[in-house]
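Text of query_1.cif, listed as mmCIF, C-alpha atoms:
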data_input
loop_
_atom_site.label_atom_id
_atom_site.label_comp_id
_atom_site.auth_asym_id
_atom_site.auth_seq_id
_atom_site.Cartn_x
_atom_site.Cartn_y
_atom_site.Cartn_z
CA ALA P 1 0.00 0.00 0.00
CA GLN P 2 1.11 3.51 -0.69
CA SER P 3 2.38 5.51 2.28
CA VAL P 4 4.04 8.81 3.06
CA THR P 5 6.44 9.26 5.97
CA GLN P 6 7.54 12.51 7.51
CA PRO P 7 10.01 11.33 10.14
CA ASP P 8 10.30 14.62 12.01
CA ILE P 9 7.25 15.58 14.05
CA HIS P 10 8.81 18.83 15.30
CA ILE P 11 11.74 20.89 14.03
CA THR P 12 13.15 24.05 15.59
CA VAL P 13 15.49 26.35 13.70
CA SER P 14 16.83 29.85 14.26
CA GLU P 15 15.72 32.64 11.98
CA GLY P 16 18.14 32.91 9.07
CA ALA P 17 19.25 29.28 9.31
CA SER P 18 18.69 26.78 6.53
CA LEU P 19 15.88 24.25 6.64
CA GLU P 20 15.29 20.78 5.31
CA LEU P 21 12.08 18.83 5.95
CA ARG P 22 12.11 15.18 5.04
CA CYS P 23 9.49 13.22 3.15
CA ASN P 24 9.69 9.60 2.04
CA TYR P 25 7.05 7.73 0.11
CA SER P 26 6.28 4.18 -0.79
CA TYR P 27 4.87 3.85 -4.28
CA GLY P 28 5.73 1.73 -7.27
CA ALA P 29 5.24 4.14 -10.15
CA THR P 30 6.31 7.76 -10.46
CA PRO P 31 4.11 9.62 -8.03
CA TYR P 32 2.70 13.09 -8.09
CA LEU P 33 4.35 14.85 -5.14
CA PHE P 34 3.21 17.90 -3.21
CA TRP P 35 4.21 20.02 -0.26
CA TYR P 36 1.57 22.03 1.58
CA VAL P 37 1.87 24.51 4.45
CA GLN P 38 -0.73 25.09 7.14
CA SER P 39 -0.62 28.15 9.38
CA PRO P 40 -2.48 27.92 12.71
CA GLY P 41 -6.23 27.94 12.23
CA GLN P 42 -5.93 27.98 8.46
CA GLY P 43 -6.43 25.61 5.59
CA LEU P 44 -3.62 24.07 3.57
CA GLN P 45 -1.79 26.09 0.95
CA LEU P 46 0.25 24.55 -1.83
CA LEU P 47 3.98 25.34 -1.70
CA LEU P 48 5.11 23.32 -4.70
CA LYS P 49 4.46 20.18 -6.69
CA TYR P 50 6.29 17.67 -8.86
CA PHE P 51 4.69 15.73 -11.67
CA SER P 52 7.58 15.07 -14.08
CA GLY P 53 10.65 16.68 -15.62
CA ASP P 54 13.27 18.59 -13.67
CA THR P 55 13.65 16.92 -10.29
CA LEU P 56 14.41 20.21 -8.51
CA VAL P 57 11.19 22.14 -8.10
CA GLN P 58 10.84 25.76 -7.06
CA GLY P 59 7.84 26.91 -5.07
CA ILE P 60 6.42 29.94 -3.38
CA LYS P 61 7.95 31.76 -0.42
CA GLY P 62 11.48 30.74 -1.42
CA PHE P 63 10.97 27.00 -0.92
CA GLU P 64 12.32 24.27 -3.16
CA ALA P 65 12.15 20.48 -3.15
CA GLU P 66 14.11 17.75 -4.86
CA PHE P 67 12.68 14.47 -6.08
CA LYS P 68 15.13 11.60 -5.65
CA ARG P 69 13.73 8.44 -7.15
CA SER P 70 16.53 6.22 -5.82
CA GLN P 71 15.77 7.31 -2.26
CA SER P 72 11.99 7.62 -2.68
CA SER P 73 12.29 11.07 -1.19
CA PHE P 74 10.94 14.55 -1.81
CA ASN P 75 12.62 16.78 0.76
CA LEU P 76 11.66 20.42 1.19
CA ARG P 77 14.38 23.04 1.62
CA LYS P 78 14.77 26.72 2.26
CA PRO P 79 18.17 28.44 2.47
CA SER P 80 17.17 31.07 5.06
CA VAL P 81 14.14 30.69 7.28
CA HIS P 82 11.95 33.65 8.27
CA TRP P 83 9.87 33.87 11.45
CA SER P 84 6.73 33.81 9.30
CA ASP P 85 7.63 30.29 8.11
CA ALA P 86 6.58 28.85 11.46
CA ALA P 87 3.74 26.50 10.53
CA GLU P 88 2.97 22.85 9.91
CA TYR P 89 4.17 21.29 6.68
CA PHE P 90 2.58 18.34 4.94
CA CYS P 91 3.96 16.16 2.21
CA ALA P 92 1.43 14.39 -0.02
CA VAL P 93 1.50 11.82 -2.79
CA GLY P 94 -1.04 11.74 -5.58
CA VAL P 95 -1.79 8.27 -6.86
CA GLU P 96 -1.70 8.13 -10.66
CA GLY P 97 -4.94 7.00 -12.19
CA THR P 98 -6.92 7.73 -9.06
CA TYR P 99 -8.26 10.88 -7.54
CA LYS P 100 -6.78 10.61 -4.11
CA TYR P 101 -3.83 11.97 -2.19
CA ILE P 102 -2.04 10.32 0.69
CA PHE P 103 -0.81 12.78 3.28
CA GLY P 104 2.06 12.49 5.70
CA THR P 105 1.42 13.21 9.35
CA GLY P 106 3.09 16.62 9.15
CA THR P 107 6.15 18.41 10.54
CA ARG P 108 5.64 21.36 12.83
CA LEU P 109 8.27 24.04 12.35
CA LYS P 110 9.21 26.46 15.10
CA VAL P 111 11.43 29.44 14.31
CA LEU P 112 13.51 31.07 17.03
CA ALA P 113 14.14 34.81 16.80
CA ASN R 114 -13.00 34.37 -6.93
CA ALA R 115 -13.55 32.94 -3.44
CA GLY R 116 -11.93 29.53 -4.10
CA VAL R 117 -13.19 26.92 -1.63
CA THR R 118 -15.49 28.04 1.16
CA GLN R 119 -16.87 26.07 4.10
CA THR R 120 -19.77 26.72 6.44
CA PRO R 121 -19.96 26.80 9.36
CA LYS R 122 -16.51 27.61 10.74
CA PHE R 123 -17.24 26.28 14.22
CA ARG R 124 -19.93 24.03 15.66
CA VAL R 125 -20.62 22.29 18.94
CA LEU R 126 -22.96 19.31 18.94
CA LYS R 127 -24.29 16.97 21.57
CA THR R 128 -23.94 13.25 21.08
CA GLY R 129 -26.68 11.96 18.78
CA GLN R 130 -27.39 15.27 17.08
CA SER R 131 -27.11 15.64 13.34
CA MET R 132 -25.61 18.32 11.15
CA THR R 133 -24.51 19.11 7.63
CA LEU R 134 -21.28 20.81 6.59
CA LEU R 135 -21.38 22.70 3.32
CA CYS R 136 -18.48 23.09 0.92
CA ALA R 137 -18.63 25.30 -2.14
CA GLN R 138 -16.06 25.93 -4.88
CA ASP R 139 -16.15 28.42 -7.72
CA MET R 140 -13.28 27.01 -9.81
CA ASN R 141 -15.41 24.57 -11.83
CA HIS R 142 -13.40 21.65 -10.46
CA GLU R 143 -14.55 18.14 -11.18
CA TYR R 144 -13.25 16.54 -7.99
CA MET R 145 -14.16 17.37 -4.43
CA TYR R 146 -13.04 15.84 -1.13
CA TRP R 147 -13.80 15.81 2.57
CA TYR R 148 -10.97 15.22 5.04
CA ARG R 149 -10.71 15.18 8.78
CA GLN R 150 -7.59 16.34 10.59
CA ASP R 151 -6.68 15.00 14.00
CA PRO R 152 -3.47 15.69 15.95
CA GLY R 153 -0.59 13.47 14.87
CA MET R 154 -2.62 11.79 12.13
CA GLY R 155 -2.37 14.17 9.22
CA LEU R 156 -5.36 14.38 6.92
CA ARG R 157 -7.57 11.37 6.39
CA LEU R 158 -9.98 11.14 3.48
CA ILE R 159 -13.61 10.63 4.47
CA HIS R 160 -15.44 10.72 1.12
CA TYR R 161 -14.80 12.16 -2.28
CA SER R 162 -16.60 12.89 -5.52
CA VAL R 163 -15.35 12.76 -9.09
CA GLY R 164 -18.34 14.55 -10.54
CA GLU R 165 -21.86 15.81 -10.00
CA GLY R 166 -24.10 13.06 -8.69
CA THR R 167 -21.22 10.71 -7.80
CA THR R 168 -19.61 9.96 -4.45
CA ALA R 169 -17.16 7.38 -3.15
CA LYS R 170 -15.79 6.25 0.20
CA GLY R 171 -12.39 7.25 1.39
CA GLU R 172 -10.25 5.98 4.23
CA VAL R 173 -12.60 6.74 7.16
CA PRO R 174 -16.20 6.90 5.86
CA ASP R 175 -18.09 5.36 8.79
CA GLY R 176 -20.59 7.70 10.44
CA TYR R 177 -20.61 10.16 7.54
CA ASN R 178 -22.67 10.61 4.41
CA VAL R 179 -22.15 12.96 1.47
CA SER R 180 -24.01 14.33 -1.47
CA ARG R 181 -23.02 16.25 -4.58
CA LEU R 182 -26.19 17.40 -6.26
CA LYS R 183 -24.48 20.37 -7.90
CA LYS R 184 -20.96 20.47 -9.30
CA GLN R 185 -19.95 23.38 -7.10
CA ASN R 186 -21.24 21.98 -3.79
CA PHE R 187 -20.25 19.00 -1.67
CA LEU R 188 -22.15 18.31 1.54
CA LEU R 189 -20.93 16.24 4.48
CA GLY R 190 -23.54 14.92 6.88
CA LEU R 191 -23.31 13.46 10.35
CA GLU R 192 -26.56 11.65 11.13
CA SER R 193 -25.83 10.84 14.77
CA ALA R 194 -22.75 12.62 16.04
CA ALA R 195 -20.31 10.85 18.37
CA PRO R 196 -17.43 12.29 20.44
CA SER R 197 -15.00 10.42 18.16
CA GLN R 198 -16.09 12.76 15.38
CA THR R 199 -14.64 15.77 17.18
CA SER R 200 -12.15 17.03 14.64
CA VAL R 201 -11.31 19.72 12.12
CA TYR R 202 -12.94 19.06 8.77
CA PHE R 203 -11.47 20.28 5.50
CA CYS R 204 -13.00 20.35 2.09
CA ALA R 205 -10.85 20.43 -1.04
CA SER R 206 -11.35 20.49 -4.77
CA SER R 207 -9.20 19.79 -7.79
CA ARG R 208 -9.41 19.56 -11.54
CA ALA R 209 -8.88 16.34 -13.43
CA LEU R 210 -5.60 15.56 -15.16
CA ALA R 211 -5.75 14.38 -18.76
CA PRO R 212 -3.72 11.19 -18.22
CA GLY R 213 -5.73 10.39 -15.13
CA GLY R 214 -5.51 11.51 -11.57
CA ALA R 215 -6.07 14.71 -9.67
CA ASP R 216 -4.21 17.99 -10.02
CA THR R 217 -3.46 20.30 -7.12
CA GLN R 218 -6.05 20.19 -4.39
CA TYR R 219 -7.28 23.54 -3.11
CA PHE R 220 -8.45 23.59 0.48
CA GLY R 221 -11.11 25.48 2.35
CA PRO R 222 -10.43 27.13 5.73
CA GLY R 223 -11.86 24.26 7.75
CA THR R 224 -14.71 23.60 10.18
CA ARG R 225 -13.89 22.92 13.81
CA LEU R 226 -16.46 20.49 15.21
CA THR R 227 -16.78 19.48 18.84
CA VAL R 228 -19.11 16.70 19.90
CA LEU R 229 -19.90 16.59 23.61
#

Please, can you express the file's structure as structure tokens?
Amino acid sequence: AQSVTQPDIHITVSEGASLELRCNYSYGATPYLFWYVQSPGQGLQLLLKYFSGDTLVQGIKGFEAEFKRSQSSFNLRKPSVHWSDAAEYFCAVGVEGTYKYIFGTGTRLKVLA
Amino acid sequence: NAGVTQTPKFRVLKTGQSMTLLCAQDMNHEYMYWYRQDPGMGLRLIHYSVGEGTTAKGEVPDGYNVSRLKKQNFLLGLESAAPSQTSVYFCASSRALAPGGADTQYFGPGTRLTVL
């Protein structure tokens, strides 16, 4: 069965430091991959997505992610974190030929001033 | 262009009461979804719809019913609420992809439901 793993439940970084959030998936074919961000009390907003092509994907708010097929990973990165990036981040996998996503359990990011 | 809207935003029910959550989207999307979000469990799919008049069960459908009489609306019903249904409920919509599958899902702001 398909699954998505976000191994880090909480991450704390200092403002200005770099960030990497991990996402691993279990899926046979090439998946559709997404990263969403959820601010407190809000819905989910798409940061970036990968369907095919260049494995390094640029998103909004200065985020990027890299698809590594050999590692079944789609890690999210940002070179310099801002206090406003404090939120919960979800990785999701779209299953080709179906209409569903599978979501990871999320990583909550805290940013220290 | 409002995107995806949900009503109500908050609701408190007593065990056994019923209610309907309304989701509306103005993007002409074919697919619509209902999720529940619980701490430490991410988002779990309750029901979804791939078009007007069609619905299908997701991962956690028990205790919920849905209807999609109009393309832009997707209703989630709780016939007899239970404390285990205390959660935050999110609606989402997406367009279809030509080779099959769903494109980006756009989410509503959520409904926080408490069942006492």

I'd like the interatomic distance between atom CA of Gly97 of chain P and atom CA of Gln6 of chain P, to a tenth of an Å.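 One can read the atom CA of Gly97 of chain P to atom CA of Gln6 of chain P distance as 24.0 Å.
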
I need the contact residues of chain P against chain R, so if you could list those with any atom within 9 Å, counting only C-alpha atoms, and return them as a list in words, that would help. Ile9, Tyr32, Phe34, Gly41, Gln42, Gly43, Leu44, Gln45, Leu46, Lys49, Phe90, Gly94, Val95, Glu96, Gly97, Thr98, Tyr99, Lys100, Tyr101, Ile102, Phe103, Gly104, Thr105 and Gly106 of chain P

If the PyMOL selection byres ((chain R and resi 134) around 6) is run on the structure shown, which residues does it catch, given as an mmCIF file with C-alpha atoms, in the frame of the given file?
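Contents of the output file selection32.cif:
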data_model
loop_
_atom_site.group_PDB
_atom_site.id
_atom_site.type_symbol
_atom_site.label_atom_id
_atom_site.label_comp_id
_atom_site.auth_asym_id
_atom_site.auth_seq_id
_atom_site.Cartn_x
_atom_site.Cartn_y
_atom_site.Cartn_z
ATOM 1 C CA THR R 133 -24.510 19.110 7.630
ATOM 2 C CA LEU R 135 -21.380 22.700 3.320
ATOM 3 C CA LEU R 188 -22.150 18.310 1.540
ATOM 4 C CA LEU R 189 -20.930 16.240 4.480
#

Could you write out as JSON, numbers by chain the residues that the PyMOL selection byres ((chain P and resi 62-73) around 8) matches in the shown file? {"P": [22, 23, 24, 25, 26, 47, 48, 50, 55, 56, 57, 58, 59, 60, 61, 74, 75, 76, 77, 78]}

Check what the PyMOL selection byres ((chain R and resi 165) around 7) selects in the file above and give those residues as a list in words. Gly164, Gly166, Thr167, Arg181, Leu182, Lys183 and Lys184 of chain R

With C-alpha atoms kept, could you save the residues just selected as an mmCIF file, in the frame of the given file?
data_model
loop_
_atom_site.group_PDB
_atom_site.id
_atom_site.type_symbol
_atom_site.label_atom_id
_atom_site.label_comp_id
_atom_site.auth_asym_id
_atom_site.auth_seq_id
_atom_site.Cartn_x
_atom_site.Cartn_y
_atom_site.Cartn_z
ATOM 1 C CA GLY R 164 -18.340 14.550 -10.540
ATOM 2 C CA GLY R 166 -24.100 13.060 -8.690
ATOM 3 C CA THR R 167 -21.220 10.710 -7.800
ATOM 4 C CA ARG R 181 -23.020 16.250 -4.580
ATOM 5 C CA LEU R 182 -26.190 17.400 -6.260
ATOM 6 C CA LYS R 183 -24.480 20.370 -7.900
ATOM 7 C CA LYS R 184 -20.960 20.470 -9.300
#

For His10 of chain P: contacts at 12 Å, only C-alpha atoms, fewer than 3 positions along chain excluded, given as an MDAnalysis selection string: (chainID P and resid 6:7 13 21:22 86:89 105:111) or (chainID R and resid 153)

Find, counting all atoms listed in the file, the residue in P:Trp83, P:Phe51, P:Tyr27, P:Trp35 that gets nearest to Glu15 of chain P.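 Nearest candidate to Glu15 of chain P out of P:Trp83, P:Phe51, P:Tyr27, P:Trp35: P:Trp83.
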
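For the set R:Thr227, R:Ser193, R:Asn114, R:Ser131, the residue with the smallest atom-to-atom gap to Gly176 of chain R is R:Ser193, counting all atoms listed in the file.
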
So how far away is atom CA of Asp175 of chain R from atom CA of Thr128 of chain R, in Å?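 That distance, rounded to one decimal, is 15.7 Å.
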
Between atom CA of His142 of chain R and atom CA of Thr5 of chain P, what is the distance, to one decimal in Å?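 We find that atom CA of His142 of chain R and atom CA of Thr5 of chain P lie 28.6 Å from each other.
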
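Distances to Thr199 of chain R were evaluated for R:Pro174, R:Gln185, R:Ala137, R:Lys127 using only C-alpha atoms, and the minimum falls at R:Lys127.
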
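Each of R:Trp147, R:Gln130, R:Asp139, R:Pro121 was checked against Thr168 of chain R using all atoms listed in the file; the smallest atom-to-atom distance is that of R:Trp147.
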
How would segment 145-180 of chain R look with N, CA and C atoms restored, written as a compact mmCIF listing (two decimals), in the coordinates of the input?
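Written output follows (result.txt):
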# COMPACT_ATOMS: atom_id res chain seq x y z
N MET R 145 -14.05 16.74 -5.74
CA MET R 145 -14.16 17.37 -4.43
C MET R 145 -13.96 16.31 -3.35
N TYR R 146 -13.47 16.76 -2.19
CA TYR R 146 -13.04 15.84 -1.13
C TYR R 146 -13.44 16.39 0.24
N TRP R 147 -13.68 15.46 1.17
CA TRP R 147 -13.80 15.81 2.57
C TRP R 147 -12.74 15.04 3.35
N TYR R 148 -11.98 15.79 4.18
CA TYR R 148 -10.97 15.22 5.04
C TYR R 148 -11.30 15.58 6.49
N ARG R 149 -10.75 14.78 7.39
CA ARG R 149 -10.71 15.18 8.78
C ARG R 149 -9.25 15.22 9.22
N GLN R 150 -8.96 16.18 10.10
CA GLN R 150 -7.59 16.34 10.59
C GLN R 150 -7.59 16.20 12.09
N ASP R 151 -6.81 15.26 12.56
CA ASP R 151 -6.68 15.00 14.00
C ASP R 151 -5.20 15.08 14.36
N PRO R 152 -4.88 15.52 15.56
CA PRO R 152 -3.47 15.69 15.95
C PRO R 152 -2.65 14.42 15.74
N GLY R 153 -1.51 14.59 15.08
CA GLY R 153 -0.59 13.47 14.87
C GLY R 153 -1.02 12.48 13.80
N MET R 154 -2.14 12.76 13.12
CA MET R 154 -2.62 11.79 12.13
C MET R 154 -2.71 12.36 10.73
N GLY R 155 -2.30 13.58 10.55
CA GLY R 155 -2.37 14.17 9.22
C GLY R 155 -3.81 14.34 8.77
N LEU R 156 -4.02 14.28 7.48
CA LEU R 156 -5.36 14.38 6.92
C LEU R 156 -5.81 13.01 6.45
N ARG R 157 -7.01 12.66 6.82
CA ARG R 157 -7.57 11.37 6.39
C ARG R 157 -8.82 11.63 5.55
N LEU R 158 -8.89 10.93 4.43
CA LEU R 158 -9.98 11.14 3.48
C LEU R 158 -11.24 10.44 3.95
N ILE R 159 -12.33 11.19 4.02
CA ILE R 159 -13.61 10.63 4.47
C ILE R 159 -14.40 10.12 3.26
N HIS R 160 -14.73 11.03 2.36
CA HIS R 160 -15.44 10.72 1.12
C HIS R 160 -14.92 11.65 0.04
N TYR R 161 -15.16 11.27 -1.19
CA TYR R 161 -14.80 12.16 -2.28
C TYR R 161 -15.79 11.99 -3.43
N SER R 162 -15.69 12.91 -4.38
CA SER R 162 -16.60 12.89 -5.52
C SER R 162 -15.82 13.25 -6.77
N VAL R 163 -16.06 12.49 -7.83
CA VAL R 163 -15.35 12.76 -9.09
C VAL R 163 -16.26 13.46 -10.09
N GLY R 164 -17.46 13.81 -9.67
CA GLY R 164 -18.34 14.55 -10.54
C GLY R 164 -19.72 14.68 -9.92
N GLU R 165 -20.50 15.58 -10.50
CA GLU R 165 -21.86 15.81 -10.00
C GLU R 165 -22.63 14.50 -9.96
N GLY R 166 -23.28 14.25 -8.83
CA GLY R 166 -24.10 13.06 -8.69
C GLY R 166 -23.34 11.80 -8.32
N THR R 167 -22.02 11.88 -8.15
CA THR R 167 -21.22 10.71 -7.80
C THR R 167 -20.49 10.94 -6.50
N THR R 168 -20.39 9.90 -5.68
CA THR R 168 -19.61 9.96 -4.45
C THR R 168 -18.93 8.61 -4.24
N ALA R 169 -17.88 8.62 -3.43
CA ALA R 169 -17.16 7.38 -3.15
C ALA R 169 -16.56 7.48 -1.75
N LYS R 170 -16.34 6.30 -1.14
CA LYS R 170 -15.79 6.25 0.20
C LYS R 170 -14.29 6.42 0.18
N GLY R 171 -13.82 7.11 1.21
CA GLY R 171 -12.39 7.25 1.39
C GLY R 171 -11.87 6.31 2.45
N GLU R 172 -10.95 6.80 3.22
CA GLU R 172 -10.25 5.98 4.23
C GLU R 172 -11.08 5.77 5.49
N VAL R 173 -11.85 6.80 5.90
CA VAL R 173 -12.60 6.74 7.16
C VAL R 173 -14.04 7.20 6.95
N PRO R 174 -14.86 6.45 6.22
CA PRO R 174 -16.20 6.90 5.86
C PRO R 174 -17.29 6.65 6.90
N ASP R 175 -17.03 5.79 7.88
CA ASP R 175 -18.09 5.36 8.79
C ASP R 175 -18.61 6.53 9.61
N GLY R 176 -19.95 6.64 9.66
CA GLY R 176 -20.59 7.70 10.44
C GLY R 176 -20.84 8.97 9.67
N TYR R 177 -20.46 8.98 8.39
CA TYR R 177 -20.61 10.16 7.54
C TYR R 177 -21.35 9.79 6.26
N ASN R 178 -22.10 10.77 5.75
CA ASN R 178 -22.67 10.61 4.41
C ASN R 178 -22.42 11.89 3.63
N VAL R 179 -22.44 11.79 2.32
CA VAL R 179 -22.15 12.96 1.47
C VAL R 179 -23.12 13.00 0.31
N SER R 180 -23.22 14.18 -0.26
CA SER R 180 -24.01 14.33 -1.47
C SER R 180 -23.40 15.43 -2.33
